[in-house]
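J.: Okay, handing you the structure first.
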2 protein chains.
Amino acid sequence: MARWEPDSRMRLVRAAIDLFAEQGYDETTVAEIAARAGLTKATFFRQFRDKREVLFAGQDAHSTLLAEGVAAAPDGATPLELVAAALDAVTASFVEEQRAFGARLRAVVASHDELVERDAFKRAGLAGALRAALRERGIADTPAGLAAELGVEAFHRAFARWCDGEPEDYGTLARAELDALHAAAAALR
Amino acid sequence: MARWEPDSRMRLVRAAIDLFAEQGYDETTVAEIAARAGLTKATFFRQFRDKREVLFAGQDAHSTLLAEGVAAAPDGATPLELVAAALDAVTASFVEEQRAFGARLRAVVASHDELVERDAFKRAGLAGALRAALRERGIADTPAGLAAELGVEAFHRAFARWCDGEPEDYGTLARAELDALHAAAAALR
DNA sequence: GTGGTTGATGAGACCGCGTCTCATCAACGT
DNA sequence: ACGTTGATGAGACGCGGTCTCATCAACCAC
């Protein structure tokens with residue numbers, strides 16, 4: 001048991017998404033978010049580096065999971081098999097209860113360039129982590145970068161479909177997207 | 001003839017790069033940049049949306065050039081031939097005198113996450129523009145996205161090598177990078 | 001239990017970013 | 001000579017983000 005309400009982070013996240021959706025990102029101040037969560041501005045900035053980060057902090061674990069998935073894959077795996085293992089490792093993060101949450105999150109992010117920009121940055125971070133993990137497994141730089149890019153693209157496409165309510169679980173969608181991207185890449189002329 | 005010094009934009013850009021390189025991004029205020037350019041903060045924000053944009057405004061023309069290159073390519077061109085045409089179209093932007101400038105720019109951008117983030121955003125914008133131009137030429141969505149991604153990656157790799165002083169001109173480097181990426185993508189397993 | 005420690009929180013000052021409004025003024029046309 | 005145009009300057013304003021100091025509930029040692 002904690003001495004204070006233990007879920008202040010999540011309260012702030014929910015308050016932020018609600019307010020951004022209700023009245024827009026620019027029209028919402030950090031003090032407002034904190035107040036709705038029963039906290040103050042100072043506490044908000046102790047939890048999140050800046051106003052944008054409240055919507056993205058949950059993704060920071062994904063880089064680690066992807067890298068761990070690559071590291072744990074069997075010997076002799078090809079680059080795309082390593083990427084598939086990475087996607088498998090991150091699949092556990094996506095449980096059914098979060099589909100609606102993810103959909104709301106995506107809508108809010110898409111509503112403001114400042115958030116789209118942070119999204120692009122986080123995505124680059126994911127790709128960088130995946131690429132580094134692949135290099136760690138002996139993959140050369142260029143194929144590692146390409147495989148990482150395909151993996152992150154599959155990751156995002158699968159997330160979009162999952163949030164949109166497709167019946168398959170996340171892991172199935174991610175695998176399918178990775179396969180589709182691989183086939184398309186091999187066919188490029 | 002203009003009534004005021006006509007190059008206020010470029011003066012601001014140079015002042016910003018100088019100050020960022022000398023004393024760091026965080027330690028440089030917009031008012032300082034404007035003062036070194038003989039202007040004021042208000043004028044800075046009339047020229048650039050925000051403090052970061054002063055380093056990236058020059059790239060906004062690239063999206064247009066890439067799209068025009070795709071649109072002007074001959075009928076029957078494959079996706080990667082369209083991308084190559086796009087890279088050719090943007091090559092004229094890179095003249096010898098700017099190599100050193102590009103190198104300084106790259107160093108400053110790499111020195112601060114806020115600038116790396118804007119770079120990722122601009123890169124996503126380039127890829128989106130290129131992808132849209134490819135779709136306009138009848139390329140299906142997935143291959144268009146992949147070819148655009150390869151094109152932008154080649155664009156950036158070639159720019160990095162060009163700034164680092166490799167003897168070839170930009171167009172040659174870009175073509176070589178695109179070919180290398182294509183080969184690596186086709187070989188991915 | 002008494003007292004000290006720990007750690008999350010609140011309060012509030014502070015500075016820079018970014019926006020906005022209004023005034024200024026050089027070049028141009030009539 | 002006069003009005004227009006358009007870039008600029010001046011300065012107020014609100015919010016983002018940082019920092020310091022005070023508060024206070026839970027825990028620990030004795």
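Following the order of the structure tokens, first chain is A, next is B, and so on, with residues numbered from 1 inside each chain and ligands from 1 in the order they appear.
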Can you give me chain A superposed onto chain B, least-squares on all Cα in order, written as a compact mmCIF listing (two decimals) with C-alpha atoms, in the first residue's frame?

T.:
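Here's the written file out_19.txt:
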```
# COMPACT_ATOMS: atom_id res chain seq x y z
CA MET A 1 15.58 46.21 -54.42
CA ALA A 2 13.75 45.74 -51.20
CA ARG A 3 13.14 48.43 -48.68
CA TRP A 4 14.74 46.49 -45.87
CA GLU A 5 17.68 44.17 -45.84
CA PRO A 6 16.27 41.43 -48.03
CA ASP A 7 17.99 38.49 -46.42
CA SER A 8 16.59 38.71 -42.91
CA ARG A 9 15.60 35.03 -43.06
CA MET A 10 19.09 33.87 -43.93
CA ARG A 11 20.65 36.21 -41.38
CA LEU A 12 18.45 34.62 -38.74
CA VAL A 13 19.40 31.12 -39.87
CA ARG A 14 23.11 31.89 -39.75
CA ALA A 15 22.83 33.60 -36.39
CA ALA A 16 20.91 30.64 -35.00
CA ILE A 17 23.39 28.03 -36.22
CA ASP A 18 26.31 30.07 -34.94
CA LEU A 19 24.80 30.56 -31.50
CA PHE A 20 23.58 26.98 -31.17
CA ALA A 21 27.05 25.74 -32.07
CA GLU A 22 28.82 28.20 -29.80
CA GLN A 23 26.78 27.95 -26.62
CA GLY A 24 24.19 25.24 -27.13
CA TYR A 25 20.54 25.16 -28.10
CA ASP A 26 19.01 25.51 -24.64
CA GLU A 27 21.37 28.30 -23.68
CA THR A 28 20.39 30.37 -26.72
CA THR A 29 17.24 32.49 -26.60
CA VAL A 30 15.26 33.57 -29.62
CA ALA A 31 15.84 37.18 -28.62
CA GLU A 32 19.59 36.54 -28.80
CA ILE A 33 19.34 35.06 -32.27
CA ALA A 34 17.29 37.99 -33.47
CA ALA A 35 19.67 40.50 -31.91
CA ARG A 36 22.68 38.95 -33.64
CA ALA A 37 20.79 39.23 -36.92
CA GLY A 38 19.98 42.86 -36.16
CA LEU A 39 16.31 42.10 -35.65
CA THR A 40 13.86 41.45 -32.84
CA LYS A 41 12.00 38.46 -31.45
CA ALA A 42 8.78 39.47 -33.18
CA THR A 43 10.44 39.36 -36.59
CA PHE A 44 11.92 35.95 -35.84
CA PHE A 45 8.47 34.50 -35.24
CA ARG A 46 7.15 36.15 -38.39
CA GLN A 47 9.77 34.19 -40.34
CA PHE A 48 9.64 30.89 -38.46
CA ARG A 49 6.83 29.08 -36.67
CA ASP A 50 9.02 28.27 -33.69
CA LYS A 51 12.60 28.20 -32.44
CA ARG A 52 13.34 24.79 -34.00
CA GLU A 53 12.02 25.63 -37.43
CA VAL A 54 14.85 28.08 -38.15
CA LEU A 55 17.05 25.05 -38.86
CA PHE A 56 14.55 23.18 -41.02
CA ALA A 57 12.65 25.74 -43.06
CA GLY A 58 15.08 25.23 -45.94
CA GLN A 59 13.88 21.65 -46.32
CA ASP A 60 10.28 22.49 -47.06
CA ALA A 61 11.01 22.80 -50.76
CA HIS A 62 12.28 19.23 -50.91
CA SER A 63 8.83 17.68 -50.62
CA THR A 64 7.63 19.66 -53.59
CA LEU A 65 10.69 18.79 -55.66
CA LEU A 66 10.39 15.09 -54.88
CA ALA A 67 6.73 15.08 -55.88
CA GLU A 68 7.46 16.98 -59.07
CA GLY A 69 10.19 14.52 -59.95
CA VAL A 70 7.79 11.63 -59.60
CA ALA A 71 5.10 13.40 -61.60
CA ALA A 72 7.51 14.18 -64.43
CA ALA A 73 8.97 10.68 -64.75
CA PRO A 74 8.24 8.77 -67.97
CA ASP A 75 5.24 6.47 -68.30
CA GLY A 76 5.76 2.87 -67.35
CA ALA A 77 8.40 3.63 -64.75
CA THR A 78 8.62 1.19 -61.87
CA PRO A 79 8.21 2.45 -58.28
CA LEU A 80 11.94 2.62 -57.69
CA GLU A 81 12.50 4.34 -61.03
CA LEU A 82 9.97 6.94 -59.93
CA VAL A 83 11.85 7.35 -56.67
CA ALA A 84 15.11 7.71 -58.57
CA ALA A 85 13.49 10.43 -60.67
CA ALA A 86 12.40 12.16 -57.47
CA LEU A 87 15.94 12.08 -56.11
CA ASP A 88 17.23 13.49 -59.40
CA ALA A 89 14.73 16.33 -59.18
CA VAL A 90 15.93 17.33 -55.72
CA THR A 91 19.62 17.05 -56.55
CA ALA A 92 19.77 20.58 -57.94
CA SER A 93 19.15 21.86 -54.39
CA PHE A 94 22.56 20.69 -53.28
CA VAL A 95 25.32 22.88 -54.64
CA GLU A 96 28.95 22.61 -53.61
CA GLU A 97 28.95 25.79 -51.54
CA GLN A 98 26.48 24.27 -49.10
CA ARG A 99 28.45 21.20 -48.07
CA ALA A 100 30.06 22.87 -45.07
CA PHE A 101 26.77 24.49 -44.14
CA GLY A 102 25.07 21.11 -44.23
CA ALA A 103 27.72 19.56 -42.04
CA ARG A 104 27.33 22.29 -39.42
CA LEU A 105 23.57 21.94 -39.58
CA ARG A 106 23.73 18.20 -39.05
CA ALA A 107 26.03 18.59 -36.06
CA VAL A 108 23.76 21.13 -34.39
CA VAL A 109 20.63 19.07 -35.02
CA ALA A 110 22.25 15.97 -33.56
CA SER A 111 23.16 17.89 -30.41
CA HIS A 112 19.64 18.24 -29.03
CA ASP A 113 16.67 15.88 -28.86
CA GLU A 114 14.21 18.65 -29.61
CA LEU A 115 15.92 19.15 -32.97
CA VAL A 116 16.25 15.43 -33.65
CA GLU A 117 12.52 15.20 -33.04
CA ARG A 118 11.76 17.91 -35.57
CA ASP A 119 14.08 16.14 -37.98
CA ALA A 120 12.09 12.92 -37.58
CA PHE A 121 8.89 14.85 -38.22
CA LYS A 122 10.25 16.48 -41.35
CA ARG A 123 11.46 13.13 -42.56
CA ALA A 124 8.01 11.64 -42.06
CA GLY A 125 6.62 14.55 -44.04
CA LEU A 126 9.02 13.88 -46.89
CA ALA A 127 8.11 10.21 -46.92
CA GLY A 128 4.42 11.09 -46.89
CA ALA A 129 4.78 13.47 -49.82
CA LEU A 130 6.78 10.96 -51.81
CA ARG A 131 4.32 8.20 -51.04
CA ALA A 132 1.40 10.38 -52.13
CA ALA A 133 3.16 11.21 -55.39
CA LEU A 134 3.75 7.52 -56.04
CA ARG A 135 0.12 6.71 -55.35
CA GLU A 136 -0.80 9.45 -57.79
CA ARG A 137 1.14 7.52 -60.39
CA GLY A 138 -0.92 4.42 -59.73
CA ILE A 139 1.39 2.59 -57.34
CA ALA A 140 -0.48 0.54 -54.75
CA ASP A 141 -0.38 1.72 -51.16
CA THR A 142 2.03 -0.75 -49.60
CA PRO A 143 4.73 -0.67 -52.31
CA ALA A 144 4.32 3.11 -52.51
CA GLY A 145 4.98 3.42 -48.80
CA LEU A 146 7.97 1.11 -48.96
CA ALA A 147 9.49 2.77 -52.01
CA ALA A 148 8.98 6.18 -50.40
CA GLU A 149 10.70 4.99 -47.25
CA LEU A 150 13.65 3.68 -49.23
CA GLY A 151 13.82 6.93 -51.15
CA VAL A 152 13.88 9.10 -48.05
CA GLU A 153 16.45 6.86 -46.43
CA ALA A 154 18.65 7.13 -49.53
CA PHE A 155 18.07 10.89 -49.51
CA HIS A 156 19.36 11.20 -45.96
CA ARG A 157 22.24 8.77 -46.27
CA ALA A 158 23.43 10.53 -49.40
CA PHE A 159 23.13 13.90 -47.67
CA ALA A 160 25.22 12.66 -44.76
CA ARG A 161 27.95 11.37 -47.05
CA TRP A 162 27.84 14.54 -49.15
CA CYS A 163 28.23 16.73 -46.09
CA ASP A 164 31.09 14.56 -44.90
CA GLY A 165 32.98 15.60 -48.00
CA GLU A 166 32.83 12.57 -50.28
CA PRO A 167 34.06 13.54 -53.73
CA GLU A 168 30.96 12.53 -55.71
CA ASP A 169 28.16 14.99 -56.31
CA TYR A 170 24.90 14.55 -54.46
CA GLY A 171 23.00 12.92 -57.30
CA THR A 172 25.57 10.17 -57.68
CA LEU A 173 25.52 9.42 -53.97
CA ALA A 174 21.74 9.33 -53.84
CA ARG A 175 21.53 6.93 -56.74
CA ALA A 176 24.14 4.68 -55.18
CA GLU A 177 22.35 4.65 -51.84
CA LEU A 178 19.02 3.88 -53.43
CA ASP A 179 20.54 0.99 -55.36
CA ALA A 180 22.22 -0.36 -52.24
CA LEU A 181 18.99 -0.17 -50.27
CA HIS A 182 17.06 -1.86 -53.02
CA ALA A 183 19.56 -4.71 -53.18
CA ALA A 184 19.49 -5.11 -49.41
CA ALA A 185 15.70 -5.06 -49.35
CA ALA A 186 15.47 -7.70 -52.06
CA ALA A 187 17.89 -9.91 -50.15
CA LEU A 188 16.05 -9.66 -46.81
CA ARG A 189 15.01 -13.00 -45.39
```

J.: Region 51-186 of chain A: which residues are helix (DSSP H, G or I) by DSSP, as JSON, numbers by chain?

T.: {"A": [52, 53, 54, 55, 57, 58, 59, 60, 61, 62, 63, 64, 65, 66, 67, 68, 69, 70, 71, 72, 79, 80, 81, 82, 83, 84, 85, 86, 87, 88, 89, 90, 91, 96, 97, 98, 99, 100, 101, 102, 103, 104, 105, 106, 107, 108, 109, 110, 113, 114, 115, 116, 117, 118, 119, 120, 121, 122, 123, 124, 125, 126, 127, 128, 129, 130, 131, 132, 133, 134, 135, 136, 141, 142, 143, 144, 145, 146, 147, 148, 149, 150, 151, 152, 153, 154, 155, 156, 157, 158, 159, 160, 161, 162, 163, 170, 171, 172, 173, 174, 175, 176, 177, 178, 179, 180, 181, 182, 183, 184, 185, 186]}

J.: May I ask you to extract the residues of chain D within 9 Å of chain A, using only C-alpha atoms (C1' of nucleotides), and to give them as an MDAnalysis selection string?

T.: chainID D and resid 15:17 25:26

J.: For C-alpha atoms (C1' of nucleotides), I'd like the residues from the last selection saved as an mmCIF file, in the first residue's frame.

T.:
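Writing the result to out.cif gives the following:
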```
data_model
loop_
_atom_site.group_PDB
_atom_site.id
_atom_site.type_symbol
_atom_site.label_atom_id
_atom_site.label_comp_id
_atom_site.auth_asym_id
_atom_site.auth_seq_id
_atom_site.Cartn_x
_atom_site.Cartn_y
_atom_site.Cartn_z
ATOM 1 C "C1'" DC D 15 1.369 28.976 -20.864
ATOM 2 C "C1'" DG D 16 5.174 25.557 -20.670
ATOM 3 C "C1'" DG D 17 8.706 24.017 -17.951
ATOM 4 C "C1'" DA D 25 1.606 10.905 5.793
ATOM 5 C "C1'" DA D 26 3.830 6.515 6.336
#
```

J.: With the cut-off set at 10 Å and counting only C-alpha atoms (C1' of nucleotides), tabulate each residue of chain D with an atom at most that distance from an atom of region 9-21 of chain C, showing the nearest atom pair and its distance in Å to one decimal, ordered by chain and increasing number, as a Markdown table.

T.:
```
| residue | atom | partner | partner_atom | distance |
| --- | --- | --- | --- | --- |
| D:DG11 | C1' | C:DT21 | C1' | 9.5 |
| D:DA12 | C1' | C:DC20 | C1' | 8.8 |
| D:DC13 | C1' | C:DC20 | C1' | 8.3 |
| D:DG14 | C1' | C:DT19 | C1' | 9.0 |
| D:DC15 | C1' | C:DC17 | C1' | 8.9 |
| D:DG16 | C1' | C:DC17 | C1' | 7.9 |
| D:DG17 | C1' | C:DG16 | C1' | 9.2 |
| D:DT18 | C1' | C:DC14 | C1' | 8.4 |
| D:DC19 | C1' | C:DC14 | C1' | 8.3 |
| D:DT20 | C1' | C:DA13 | C1' | 8.9 |
| D:DC21 | C1' | C:DA11 | C1' | 8.9 |
| D:DA22 | C1' | C:DA11 | C1' | 8.1 |
| D:DT23 | C1' | C:DG10 | C1' | 7.5 |
| D:DC24 | C1' | C:DT9 | C1' | 8.8 |
```
